[in-house]
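> This is the content of input-v7.cif (mmCIF, N, CA and C atoms):
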```
data_upload
#
loop_
_atom_site.label_atom_id
_atom_site.label_comp_id
_atom_site.auth_asym_id
_atom_site.auth_seq_id
_atom_site.Cartn_x
_atom_site.Cartn_y
_atom_site.Cartn_z
N MET A 1 110.92 85.14 113.53
CA MET A 1 110.87 84.28 112.34
C MET A 1 109.49 84.33 111.69
N ALA A 2 108.45 84.40 112.53
CA ALA A 2 107.09 84.44 111.97
C ALA A 2 106.87 85.70 111.15
N ASN A 3 107.44 86.83 111.61
CA ASN A 3 107.29 88.08 110.86
C ASN A 3 107.99 87.99 109.51
N GLU A 4 109.15 87.37 109.46
CA GLU A 4 109.87 87.22 108.20
C GLU A 4 109.08 86.36 107.23
N LEU A 5 108.47 85.29 107.74
CA LEU A 5 107.64 84.44 106.89
C LEU A 5 106.41 85.19 106.38
N ALA A 6 105.84 86.05 107.22
CA ALA A 6 104.69 86.85 106.80
C ALA A 6 105.10 87.82 105.70
N VAL A 7 106.27 88.42 105.82
CA VAL A 7 106.75 89.34 104.78
C VAL A 7 106.96 88.59 103.47
N VAL A 8 107.57 87.41 103.54
CA VAL A 8 107.78 86.61 102.34
C VAL A 8 106.43 86.23 101.71
N ALA A 9 105.48 85.82 102.53
CA ALA A 9 104.17 85.44 102.01
C ALA A 9 103.46 86.63 101.35
N VAL A 10 103.52 87.80 101.99
CA VAL A 10 102.89 88.99 101.42
C VAL A 10 103.57 89.36 100.11
N GLY A 11 104.90 89.32 100.08
CA GLY A 11 105.64 89.65 98.85
C GLY A 11 105.33 88.69 97.72
N LEU A 12 105.28 87.42 98.03
CA LEU A 12 104.98 86.41 97.01
C LEU A 12 103.57 86.58 96.47
N LEU A 13 102.61 86.76 97.36
CA LEU A 13 101.23 86.93 96.93
C LEU A 13 101.07 88.22 96.11
N ALA A 14 101.67 89.31 96.57
CA ALA A 14 101.59 90.57 95.83
C ALA A 14 102.22 90.43 94.45
N GLY A 15 103.34 89.72 94.37
CA GLY A 15 104.00 89.52 93.08
C GLY A 15 103.15 88.70 92.12
N VAL A 16 102.53 87.65 92.62
CA VAL A 16 101.68 86.80 91.77
C VAL A 16 100.48 87.60 91.26
N VAL A 17 99.81 88.29 92.16
CA VAL A 17 98.62 89.07 91.77
C VAL A 17 99.02 90.19 90.81
N ALA A 18 100.12 90.87 91.10
CA ALA A 18 100.59 91.95 90.21
C ALA A 18 100.91 91.41 88.83
N GLY A 19 101.54 90.25 88.77
CA GLY A 19 101.84 89.63 87.48
C GLY A 19 100.59 89.25 86.71
N MET A 20 99.58 88.78 87.42
CA MET A 20 98.32 88.41 86.77
C MET A 20 97.58 89.64 86.24
N LEU A 21 97.70 90.76 86.96
CA LEU A 21 96.98 91.97 86.57
C LEU A 21 97.80 92.87 85.64
N GLY A 22 99.09 92.62 85.55
CA GLY A 22 99.93 93.45 84.69
C GLY A 22 100.25 94.80 85.30
N VAL A 23 100.36 94.85 86.61
CA VAL A 23 100.72 96.10 87.28
C VAL A 23 102.03 95.88 88.04
N GLY A 24 102.67 96.97 88.44
CA GLY A 24 103.88 96.86 89.23
C GLY A 24 103.57 96.28 90.61
N GLY A 25 104.47 95.46 91.11
CA GLY A 25 104.25 94.81 92.40
C GLY A 25 104.13 95.78 93.56
N GLY A 26 104.80 96.93 93.47
CA GLY A 26 104.73 97.91 94.54
C GLY A 26 103.33 98.44 94.76
N VAL A 27 102.53 98.41 93.71
CA VAL A 27 101.14 98.87 93.82
C VAL A 27 100.39 98.00 94.83
N LEU A 28 100.75 96.75 94.93
CA LEU A 28 100.09 95.84 95.87
C LEU A 28 100.94 95.59 97.12
N PHE A 29 102.25 95.62 96.95
CA PHE A 29 103.15 95.29 98.04
C PHE A 29 103.07 96.33 99.17
N ALA A 30 103.11 97.61 98.81
CA ALA A 30 103.07 98.66 99.84
C ALA A 30 101.77 98.62 100.65
N PRO A 31 100.60 98.57 100.01
CA PRO A 31 99.38 98.49 100.82
C PRO A 31 99.31 97.22 101.67
N ALA A 32 99.83 96.11 101.14
CA ALA A 32 99.81 94.86 101.90
C ALA A 32 100.66 94.99 103.17
N LEU A 33 101.80 95.65 103.06
CA LEU A 33 102.65 95.85 104.24
C LEU A 33 101.94 96.70 105.29
N VAL A 34 101.19 97.70 104.82
CA VAL A 34 100.46 98.56 105.76
C VAL A 34 99.29 97.80 106.38
N LEU A 35 98.48 97.16 105.54
CA LEU A 35 97.25 96.52 106.02
C LEU A 35 97.49 95.24 106.80
N PHE A 36 98.39 94.39 106.33
CA PHE A 36 98.55 93.07 106.93
C PHE A 36 99.69 92.97 107.93
N LEU A 37 100.69 93.82 107.79
CA LEU A 37 101.86 93.72 108.68
C LEU A 37 102.03 94.94 109.57
N GLY A 38 101.12 95.92 109.47
CA GLY A 38 101.15 97.06 110.37
C GLY A 38 102.29 98.04 110.16
N GLN A 39 102.90 98.04 108.99
CA GLN A 39 103.98 98.98 108.72
C GLN A 39 103.42 100.38 108.52
N SER A 40 104.24 101.39 108.76
CA SER A 40 103.82 102.75 108.44
C SER A 40 103.85 102.90 106.92
N GLN A 41 103.12 103.88 106.42
CA GLN A 41 103.10 104.12 104.97
C GLN A 41 104.51 104.42 104.46
N LEU A 42 105.26 105.20 105.20
CA LEU A 42 106.62 105.56 104.80
C LEU A 42 107.51 104.33 104.69
N HIS A 43 107.46 103.45 105.70
CA HIS A 43 108.28 102.23 105.67
C HIS A 43 107.82 101.28 104.57
N ALA A 44 106.53 101.19 104.35
CA ALA A 44 106.01 100.31 103.30
C ALA A 44 106.45 100.78 101.92
N GLU A 45 106.39 102.09 101.69
CA GLU A 45 106.83 102.61 100.39
C GLU A 45 108.33 102.42 100.20
N ALA A 46 109.10 102.62 101.26
CA ALA A 46 110.55 102.43 101.17
C ALA A 46 110.88 100.97 100.87
N THR A 47 110.19 100.05 101.54
CA THR A 47 110.42 98.62 101.30
C THR A 47 110.05 98.25 99.88
N ALA A 48 108.94 98.78 99.38
CA ALA A 48 108.53 98.49 98.01
C ALA A 48 109.55 99.03 97.01
N LEU A 49 110.13 100.20 97.28
CA LEU A 49 111.15 100.75 96.39
C LEU A 49 112.39 99.86 96.35
N VAL A 50 112.81 99.36 97.51
CA VAL A 50 113.98 98.48 97.55
C VAL A 50 113.68 97.16 96.84
N ALA A 51 112.45 96.67 96.97
CA ALA A 51 112.07 95.40 96.33
C ALA A 51 112.07 95.50 94.81
N ILE A 52 111.98 96.70 94.27
CA ILE A 52 111.98 96.89 92.82
C ILE A 52 113.34 96.56 92.21
N VAL A 53 114.41 96.80 92.96
CA VAL A 53 115.77 96.67 92.40
C VAL A 53 116.04 95.27 91.85
N PRO A 54 115.89 94.18 92.63
CA PRO A 54 116.17 92.87 92.03
C PRO A 54 115.20 92.51 90.91
N THR A 55 113.95 92.97 91.02
CA THR A 55 112.97 92.70 89.97
C THR A 55 113.38 93.38 88.67
N ALA A 56 113.79 94.62 88.76
CA ALA A 56 114.20 95.36 87.57
C ALA A 56 115.46 94.74 86.95
N LEU A 57 116.40 94.34 87.78
CA LEU A 57 117.63 93.73 87.26
C LEU A 57 117.33 92.39 86.59
N ALA A 58 116.48 91.58 87.20
CA ALA A 58 116.12 90.29 86.60
C ALA A 58 115.37 90.51 85.29
N GLY A 59 114.47 91.47 85.26
CA GLY A 59 113.73 91.78 84.04
C GLY A 59 114.64 92.27 82.92
N ALA A 60 115.57 93.13 83.27
CA ALA A 60 116.52 93.64 82.26
C ALA A 60 117.39 92.51 81.71
N TRP A 61 117.86 91.65 82.59
CA TRP A 61 118.69 90.53 82.15
C TRP A 61 117.90 89.61 81.23
N SER A 62 116.66 89.31 81.62
CA SER A 62 115.81 88.45 80.81
C SER A 62 115.53 89.07 79.44
N GLN A 63 115.18 90.34 79.42
CA GLN A 63 114.88 91.00 78.15
C GLN A 63 116.14 91.15 77.28
N HIS A 64 117.31 91.28 77.92
CA HIS A 64 118.57 91.32 77.16
C HIS A 64 118.79 90.00 76.43
N ARG A 65 118.46 88.90 77.08
CA ARG A 65 118.59 87.58 76.44
C ARG A 65 117.69 87.46 75.23
N TYR A 66 116.53 88.12 75.24
CA TYR A 66 115.60 88.10 74.11
C TYR A 66 115.96 89.14 73.05
N GLY A 67 116.95 89.97 73.32
CA GLY A 67 117.34 91.00 72.38
C GLY A 67 116.47 92.24 72.42
N ASN A 68 115.72 92.41 73.50
CA ASN A 68 114.80 93.54 73.61
C ASN A 68 115.36 94.72 74.39
N LEU A 69 116.52 94.59 74.97
CA LEU A 69 117.06 95.63 75.84
C LEU A 69 117.74 96.72 75.02
N GLN A 70 117.34 97.95 75.24
CA GLN A 70 118.01 99.10 74.66
C GLN A 70 118.83 99.73 75.78
N LEU A 71 120.10 99.35 75.83
CA LEU A 71 120.94 99.66 76.98
C LEU A 71 121.03 101.15 77.27
N ARG A 72 121.27 101.97 76.27
CA ARG A 72 121.42 103.41 76.51
C ARG A 72 120.16 104.01 77.13
N GLU A 73 119.01 103.68 76.56
CA GLU A 73 117.76 104.19 77.08
C GLU A 73 117.46 103.64 78.47
N GLY A 74 117.81 102.36 78.68
CA GLY A 74 117.59 101.75 79.98
C GLY A 74 118.42 102.38 81.08
N VAL A 75 119.68 102.65 80.77
CA VAL A 75 120.56 103.30 81.76
C VAL A 75 120.05 104.70 82.06
N LEU A 76 119.64 105.43 81.03
CA LEU A 76 119.10 106.78 81.24
C LEU A 76 117.83 106.72 82.09
N LEU A 77 116.93 105.82 81.75
CA LEU A 77 115.69 105.68 82.52
C LEU A 77 115.99 105.27 83.96
N GLY A 78 116.93 104.36 84.14
CA GLY A 78 117.31 103.94 85.49
C GLY A 78 117.89 105.08 86.31
N ALA A 79 118.77 105.86 85.69
CA ALA A 79 119.37 107.00 86.39
C ALA A 79 118.30 108.02 86.77
N LEU A 80 117.39 108.29 85.85
CA LEU A 80 116.30 109.22 86.16
C LEU A 80 115.40 108.66 87.25
N GLY A 81 115.18 107.35 87.22
CA GLY A 81 114.36 106.71 88.25
C GLY A 81 115.00 106.81 89.62
N VAL A 82 116.32 106.64 89.68
CA VAL A 82 117.02 106.78 90.96
C VAL A 82 116.91 108.22 91.46
N GLY A 83 117.11 109.17 90.56
CA GLY A 83 116.98 110.57 90.95
C GLY A 83 115.57 110.90 91.42
N GLY A 84 114.58 110.42 90.69
CA GLY A 84 113.19 110.64 91.10
C GLY A 84 112.88 109.95 92.42
N GLY A 85 113.43 108.75 92.60
CA GLY A 85 113.22 108.03 93.87
C GLY A 85 113.82 108.78 95.05
N LEU A 86 115.01 109.32 94.86
CA LEU A 86 115.63 110.11 95.94
C LEU A 86 114.83 111.36 96.25
N ALA A 87 114.34 112.02 95.21
CA ALA A 87 113.49 113.20 95.42
C ALA A 87 112.20 112.81 96.14
N GLY A 88 111.61 111.69 95.73
CA GLY A 88 110.40 111.22 96.38
C GLY A 88 110.62 110.87 97.85
N VAL A 89 111.76 110.28 98.16
CA VAL A 89 112.08 109.94 99.55
C VAL A 89 112.21 111.22 100.38
N ALA A 90 112.90 112.21 99.83
CA ALA A 90 113.05 113.48 100.54
C ALA A 90 111.69 114.11 100.82
N ILE A 91 110.81 114.08 99.83
CA ILE A 91 109.47 114.64 100.01
C ILE A 91 108.67 113.81 101.02
N ALA A 92 108.72 112.48 100.88
CA ALA A 92 107.95 111.59 101.76
C ALA A 92 108.37 111.76 103.22
N ASN A 93 109.64 112.05 103.46
CA ASN A 93 110.10 112.23 104.83
C ASN A 93 109.58 113.52 105.45
N GLU A 94 109.14 114.46 104.62
CA GLU A 94 108.64 115.74 105.12
C GLU A 94 107.12 115.82 105.18
N VAL A 95 106.43 114.89 104.52
CA VAL A 95 104.98 114.93 104.42
C VAL A 95 104.38 114.13 105.58
N PRO A 96 103.28 114.59 106.17
CA PRO A 96 102.64 113.81 107.23
C PRO A 96 102.16 112.44 106.72
N GLU A 97 102.13 111.47 107.62
CA GLU A 97 101.74 110.10 107.29
C GLU A 97 100.37 110.05 106.60
N HIS A 98 99.42 110.81 107.11
CA HIS A 98 98.08 110.82 106.53
C HIS A 98 98.11 111.28 105.08
N ALA A 99 98.89 112.30 104.78
CA ALA A 99 99.00 112.80 103.41
C ALA A 99 99.62 111.75 102.50
N LEU A 100 100.59 111.00 103.01
CA LEU A 100 101.18 109.91 102.21
C LEU A 100 100.13 108.85 101.88
N ARG A 101 99.33 108.49 102.86
CA ARG A 101 98.30 107.47 102.63
C ARG A 101 97.27 107.94 101.61
N VAL A 102 96.83 109.19 101.73
CA VAL A 102 95.84 109.73 100.80
C VAL A 102 96.42 109.80 99.39
N THR A 103 97.65 110.25 99.26
CA THR A 103 98.30 110.34 97.95
C THR A 103 98.46 108.95 97.33
N PHE A 104 98.89 107.98 98.14
CA PHE A 104 99.05 106.62 97.62
C PHE A 104 97.71 106.02 97.23
N ALA A 105 96.67 106.29 98.02
CA ALA A 105 95.33 105.81 97.68
C ALA A 105 94.86 106.40 96.35
N PHE A 106 95.13 107.67 96.13
CA PHE A 106 94.78 108.31 94.86
C PHE A 106 95.53 107.64 93.71
N PHE A 107 96.81 107.36 93.92
CA PHE A 107 97.62 106.67 92.92
C PHE A 107 97.02 105.30 92.59
N LEU A 108 96.59 104.57 93.61
CA LEU A 108 95.97 103.26 93.39
C LEU A 108 94.68 103.38 92.58
N LEU A 109 93.91 104.43 92.84
CA LEU A 109 92.69 104.64 92.06
C LEU A 109 93.01 104.93 90.59
N VAL A 110 94.05 105.69 90.35
CA VAL A 110 94.47 105.98 88.96
C VAL A 110 94.87 104.68 88.26
N VAL A 111 95.65 103.84 88.95
CA VAL A 111 96.06 102.56 88.37
C VAL A 111 94.84 101.68 88.09
N ALA A 112 93.91 101.63 89.04
CA ALA A 112 92.70 100.82 88.85
C ALA A 112 91.89 101.34 87.66
N PHE A 113 91.77 102.65 87.54
CA PHE A 113 91.04 103.24 86.42
C PHE A 113 91.70 102.85 85.09
N GLN A 114 93.02 102.91 85.03
CA GLN A 114 93.72 102.53 83.81
C GLN A 114 93.51 101.06 83.47
N LEU A 115 93.51 100.19 84.47
CA LEU A 115 93.26 98.77 84.22
C LEU A 115 91.86 98.54 83.65
N VAL A 116 90.88 99.19 84.24
CA VAL A 116 89.50 99.04 83.76
C VAL A 116 89.37 99.61 82.36
N ARG A 117 89.94 100.78 82.12
CA ARG A 117 89.86 101.41 80.80
C ARG A 117 90.52 100.54 79.73
N ARG A 118 91.66 99.95 80.07
CA ARG A 118 92.35 99.08 79.13
C ARG A 118 91.50 97.86 78.80
N GLU A 119 90.82 97.33 79.80
CA GLU A 119 90.00 96.14 79.59
C GLU A 119 88.74 96.45 78.78
N LEU A 120 88.21 97.65 78.92
CA LEU A 120 86.96 97.99 78.25
C LEU A 120 87.14 98.55 76.84
N ARG A 121 88.36 98.83 76.43
CA ARG A 121 88.53 99.37 75.08
C ARG A 121 88.21 98.29 74.05
N PRO A 122 87.91 98.70 72.83
CA PRO A 122 87.52 97.73 71.80
C PRO A 122 88.57 96.64 71.59
N GLU A 123 88.10 95.44 71.33
CA GLU A 123 88.98 94.27 71.16
C GLU A 123 90.02 94.50 70.07
N GLU A 124 89.62 95.11 68.96
CA GLU A 124 90.55 95.30 67.85
C GLU A 124 91.75 96.16 68.25
N SER A 125 91.51 97.24 69.00
CA SER A 125 92.62 98.10 69.41
C SER A 125 93.49 97.40 70.45
N ARG A 126 92.90 96.49 71.26
CA ARG A 126 93.70 95.72 72.22
C ARG A 126 94.66 94.79 71.49
N ARG A 127 94.19 94.16 70.43
CA ARG A 127 95.04 93.25 69.66
C ARG A 127 96.20 93.98 69.01
N ARG A 128 95.98 95.21 68.57
CA ARG A 128 97.03 95.99 67.93
C ARG A 128 97.92 96.68 68.95
N GLY A 129 97.55 96.64 70.22
CA GLY A 129 98.34 97.26 71.27
C GLY A 129 98.17 98.76 71.34
N GLU A 130 97.09 99.28 70.80
CA GLU A 130 96.86 100.72 70.82
C GLU A 130 96.37 101.16 72.19
N LEU A 131 96.71 102.37 72.54
CA LEU A 131 96.19 102.97 73.76
C LEU A 131 94.87 103.61 73.45
N ALA A 132 93.90 103.40 74.31
CA ALA A 132 92.58 104.01 74.11
C ALA A 132 92.42 105.22 75.00
#
```
Transcribe the structure of this file into structure tokens.


Amino acid sequence: MANELAVVAVGLLAGVVAGMLGVGGGVLFAPALVLFLGQSQLHAEATALVAIVPTALAGAWSQHRYGNLQLREGVLLGALGVGGGLAGVAIANEVPEHALRVTFAFFLLVVAFQLVRRELRPEESRRRGELA
């Protein structure tokens, strides 16, 4: 029971921090599972992928209520995401654990760089939503 509560706490904290930073929760959830709960990188990434499903469905439903959902494009993107996820799982199962950790760490650095770059771009382009 204590392990389940720890997983819930890690997921909740990762979700809150991810929401505050504007990044996907898996970016924080997978490392938290490895660092705080001792999961292997492979299991942490798989858990983070499964955790995306209810989040994506809730987001799609919410955006549909606001009239922002483009169903055709969303279904296409979802299908491609499932295909990419399956390909990624096949690759992850063949790659050594150390290589998975290094690759994920590199991915985290790219995300961090994008967050910093977005924050440092001129205020005017941020207000207009332009990419710098």

> Which residues, written as a VMD selection string, have at least one atom at most 7 Å from range 105-111 of chain A, with only N, CA and C atoms counted and residues fewer than 5 positions away on the same chain left out?

chain A and resid 27 100 116

> Quick one: distance from CA of Pro54 in chain A to CA of Ser40 in chain A in Å, one decimal?

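So the two atoms, CA of Pro54 in chain A and CA of Ser40 in chain A, lie 22.8 Å apart.
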
> Between CA of Phe29 in chain A and atom C of Ala44 in chain A, what is the distance, to one decimal in Å?

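If I compute the distance from CA of Phe29 in chain A to atom C of Ala44 in chain A, I get 7.5 Å.
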
> Quote the spacing between CA of Phe36 in chain A and CA of Gly15 in chain A in Å to one decimal place.

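If I compute the distance from CA of Phe36 in chain A to CA of Gly15 in chain A, I get 15.3 Å.
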
> Which parts of range 19-109 of chain A does DSSP call alpha helix (DSSP H) when run on the backbone here, written out as a PyMOL selection string?

chain A and resi 19-21+26-37+41-65+71-94+97-109

> Which residue out of A:Trp61, A:Gln39, A:Val10, A:Phe113 has the minimum interatomic distance to Glu97 in chain A when only C-alpha atoms are used?

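With only C-alpha atoms as the atom set, the closest residue is A:Gln39.
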
> Which residue out of A:Ala58, A:Ala92, A:Val7, A:Leu120 has the minimum interatomic distance to Leu42 in chain A when only N, CA and C atoms are used?

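Smallest distance to Leu42 in chain A is found for A:Ala92.
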
> If I wrap all listed atoms of range 32-45 of chain A in a box with edges along x, y and z and add 5 Å on each side, what are its centre and edge lengths in Å to one decimal, as AutoDock Vina command-line options?


```
--center_x 102.8 --center_y 99.3 --center_z 105.3 --size_x 21.1 --size_y 22.6 --size_z 20.2
```

> What lies within 8 Å of Gly26 in chain A using all atoms listed in the file, ignoring chain neighbours under 4 positions off, as number ranges by chain?

A: 14-15, 18, 30-32, 45, 47-49, 51-52
